[in-house]
Structures are given as structure tokens and as C-alpha cells.
Amino acid sequence: MNKQKISIGRTTDMVIVSEDKMVVPAKVDTGADRSSIWASELAMSDDGVLSFCLFAKGSEYYTGRRHTTRSYRASAVRSAHGTLQVRYKIELSVIIEKRRIKASFTLADRSLNTYPILIGCRLLTNKFIVDTSLGRPRKGEKEIGGLFNTELKENPVGFFEKYHLENERGDV
């Protein structure tokens, strides 16, 4: 059966069915091949059972519930900056825009990211159309940009030295 594609924005809410239908914001990234979800406390038992918690202590979405699975794979993920990471890949049942999907996610530390979940092309393909005019702006985006611009305006040379001279990517 050919289902109608649903329009979603650059962000969307995703329901994680295994977490008692917890609603979590996700970033839609058409430039990412795979989807990833924030996971912490990864452990491997002697008999090969992978266990982990979704999200981490301090996150509003962290429940402390341990997930265990024998059904996982390894995945090599290259970031936009060129670094290669080896991650575990699992399947989760999720709901996006009222559509239930069984999708693959790599387990990643997304503690420094605005969104705890990233939705990539493999999940989007043949299910969704991305309309970038939809979705909500990132939390604090205007405030952070405003602080950087104030710092830049006050001392352009100091700003350049701080963020770019020995730090070509501008990592903060």
C-alpha cells in the first residue's frame, strides 16, 4: 500500500513508544544519512547484551529506565567535520506526525546538541517531505547569536583570535 507522504518541518515532535509514549523534540536533518538518539550509561554484559539509558541525567527526558537488547549492530558515522565514530545502532518504535514507524537510530552523546534526537534521510525517505518553513526555532538561538555579535562588535580582533585563530571551526 502506497501511503501519502506527510510534510514535516525542520523540527518535529517524536513519540518514543517504548518510553510510555514520551514526546521528545527532534531536529530534521536532510544532510544526515542516519538518525541518532541521545543515549548514556552504555554497558555490555558478558553474554553480549547491550544496555543503555535514553538521554542522560540532567535531561528533562531522562527517566533512568535501562533498555536492553541483543538486536544491535555497529555503525561507522562520519560527522560533518570529518571525524569518524563507531556507534551502536538499534531499532525503536516511534511515532512522527501520527505515523508509527520502526526506525534505526545510532546511540550517541547528544548532550551538547540542542535536540536530543536527529532524524536523518533514511528515516525520512518515502515517508515525509521536509518543509523548512515549518517547525520551531532553536531554543536560545537569538540570545546566543546576540551575545556573539555584541562580543564581535566590541572587539573584532579579540573575537577572531578567540574563535578562529587556533580554532578554524569556531568551536566554543
# chains A, B, ... in the order shown; residues from 1 in each chain; ligands from 1

$ select_by_dssp --residues "region 5-99 of chain A" --states "strand (DSSP E or B)" --output "ChimeraX atom specification"
/A:6-8,11-16,22-28,36-44,50-54,66-69,73-78,84-96,99

$ write_last_selection --atoms "C-alpha atoms" --output "short mmCIF file (atom, residue, chain, number, x, y, z; two decimals), in the first residue's frame"
data_model
loop_
_atom_site.label_atom_id
_atom_site.label_comp_id
_atom_site.auth_asym_id
_atom_site.auth_seq_id
_atom_site.Cartn_x
_atom_site.Cartn_y
_atom_site.Cartn_z
CA ILE A 6 3.45 13.85 5.24
CA SER A 7 5.03 17.31 5.41
CA ILE A 8 7.20 17.98 8.44
CA THR A 11 11.97 20.23 13.75
CA THR A 12 9.22 17.90 14.84
CA ASP A 13 7.98 16.14 17.93
CA MET A 14 8.67 12.42 18.04
CA VAL A 15 6.95 9.95 20.33
CA ILE A 16 9.13 7.14 21.65
CA MET A 22 7.20 10.19 25.73
CA VAL A 23 7.15 13.18 23.35
CA VAL A 24 10.63 14.47 22.52
CA PRO A 25 11.65 17.27 20.12
CA ALA A 26 13.79 16.18 17.17
CA LYS A 27 15.83 18.03 14.57
CA VAL A 28 15.20 17.00 10.97
CA SER A 36 20.62 9.29 16.11
CA ILE A 37 19.28 9.46 19.63
CA TRP A 38 20.96 10.59 22.82
CA ALA A 39 21.98 7.61 24.92
CA SER A 40 24.06 7.29 28.07
CA GLU A 41 25.28 4.67 30.52
CA LEU A 42 26.07 2.15 27.75
CA ALA A 43 27.20 -1.24 29.01
CA MET A 44 27.82 -4.67 27.52
CA LEU A 50 23.76 -4.17 25.19
CA SER A 51 22.16 -1.94 27.81
CA PHE A 52 21.72 1.82 27.87
CA CYS A 53 19.53 4.67 29.05
CA LEU A 54 17.90 7.08 26.66
CA ARG A 66 17.55 0.80 31.28
CA HIS A 67 16.96 -0.65 27.85
CA THR A 68 18.49 -3.98 26.95
CA THR A 69 18.85 -5.60 23.56
CA ARG A 73 24.72 -3.53 15.01
CA ALA A 74 27.83 -1.41 14.73
CA SER A 75 27.79 1.63 12.50
CA ALA A 76 30.59 3.97 11.40
CA VAL A 77 29.35 7.57 11.36
CA ARG A 78 31.36 10.43 9.90
CA LEU A 84 34.66 9.08 12.40
CA GLN A 85 32.79 7.47 15.28
CA VAL A 86 31.78 3.88 15.81
CA ARG A 87 28.30 3.71 17.31
CA TYR A 88 25.77 1.05 18.19
CA LYS A 89 22.64 1.04 16.04
CA ILE A 90 19.28 -0.11 17.40
CA GLU A 91 15.67 -0.10 16.27
CA LEU A 92 12.95 1.81 18.09
CA SER A 93 9.24 2.12 17.50
CA VAL A 94 8.40 5.82 17.16
CA ILE A 95 5.51 8.00 16.09
CA ILE A 96 6.06 11.07 13.93
CA ARG A 99 2.62 7.79 11.74
#

$ residues_around --residues "Gly9 (chain A)" --least-positions-apart "3" --cutoff "8 Å" --atoms "only C-alpha atoms" --output "list of chain:residue names"
A:Thr12, A:Val28, A:Val130, A:Asp131, A:Thr132, A:Ser133, A:Leu134, A:Gly135

$ write_last_selection --atoms "N, CA and C atoms" --output "JSON list (two decimals), in the first residue's frame"
[["chain", "number", "residue", "atom", "x", "y", "z"],
["A", 12, "THR", "N", 10.50, 18.57, 14.65],
["A", 12, "THR", "CA", 9.22, 17.90, 14.84],
["A", 12, "THR", "C", 9.23, 17.23, 16.20],
["A", 28, "VAL", "N", 15.24, 17.69, 12.26],
["A", 28, "VAL", "CA", 15.20, 17.00, 10.97],
["A", 28, "VAL", "C", 16.40, 17.49, 10.18],
["A", 130, "VAL", "N", 10.09, 17.38, 3.69],
["A", 130, "VAL", "CA", 10.55, 18.39, 4.64],
["A", 130, "VAL", "C", 10.27, 19.78, 4.08],
["A", 131, "ASP", "N", 9.53, 20.56, 4.84],
["A", 131, "ASP", "CA", 9.23, 21.96, 4.51],
["A", 131, "ASP", "C", 9.91, 22.80, 5.59],
["A", 132, "THR", "N", 11.01, 23.47, 5.22],
["A", 132, "THR", "CA", 11.80, 24.20, 6.20],
["A", 132, "THR", "C", 11.08, 25.42, 6.79],
["A", 133, "SER", "N", 9.96, 25.80, 6.23],
["A", 133, "SER", "CA", 9.20, 26.91, 6.82],
["A", 133, "SER", "C", 8.39, 26.44, 8.03],
["A", 134, "LEU", "N", 8.31, 25.13, 8.21],
["A", 134, "LEU", "CA", 7.60, 24.57, 9.36],
["A", 134, "LEU", "C", 8.60, 24.26, 10.47],
["A", 135, "GLY", "N", 8.12, 24.08, 11.67],
["A", 135, "GLY", "CA", 8.99, 23.75, 12.81],
["A", 135, "GLY", "C", 9.27, 24.98, 13.65]]

$ select_by_dssp --residues "region 22-162 of chain A" --states "helix (DSSP H, G or I)" --output "number ranges by chain"
A: 121-124, 141-154, 156-162

$ atom_distance --atom1 "CA of Thr30 (chain A)" --atom2 "CA of Gly82 (chain A)"
17.5 Å

$ atom_distance --atom1 "CA of Val49 (chain A)" --atom2 "CA of Ser71 (chain A)"
8.5 Å

$ atom_distance --atom1 "CA of Tyr62 (chain A)" --atom2 "CA of Phe105 (chain A)"
17.2 Å

$ residues_around --residues "Asp33 (chain A)" --least-positions-apart "5" --cutoff "8 Å" --atoms "only C-alpha atoms" --output "PyMOL selection string"
chain A and resi 120-122

$ write_last_selection --atoms "N, CA and C atoms" --output "PDB file, in the first residue's frame"
ATOM      1  N   GLY A 120      17.436  11.577  10.266  1.00  0.00           N
ATOM      2  CA  GLY A 120      18.169  11.624   9.009  1.00  0.00           C
ATOM      3  C   GLY A 120      17.368  11.106   7.834  1.00  0.00           C
ATOM      4  N   CYS A 121      18.016  11.123   6.666  1.00  0.00           N
ATOM      5  CA  CYS A 121      17.358  10.779   5.397  1.00  0.00           C
ATOM      6  C   CYS A 121      16.770   9.371   5.340  1.00  0.00           C
ATOM      7  N   ARG A 122      17.464   8.420   5.919  1.00  0.00           N
ATOM      8  CA  ARG A 122      16.959   7.039   5.831  1.00  0.00           C
ATOM      9  C   ARG A 122      15.585   6.903   6.479  1.00  0.00           C
TER      10      ARG A 122
END
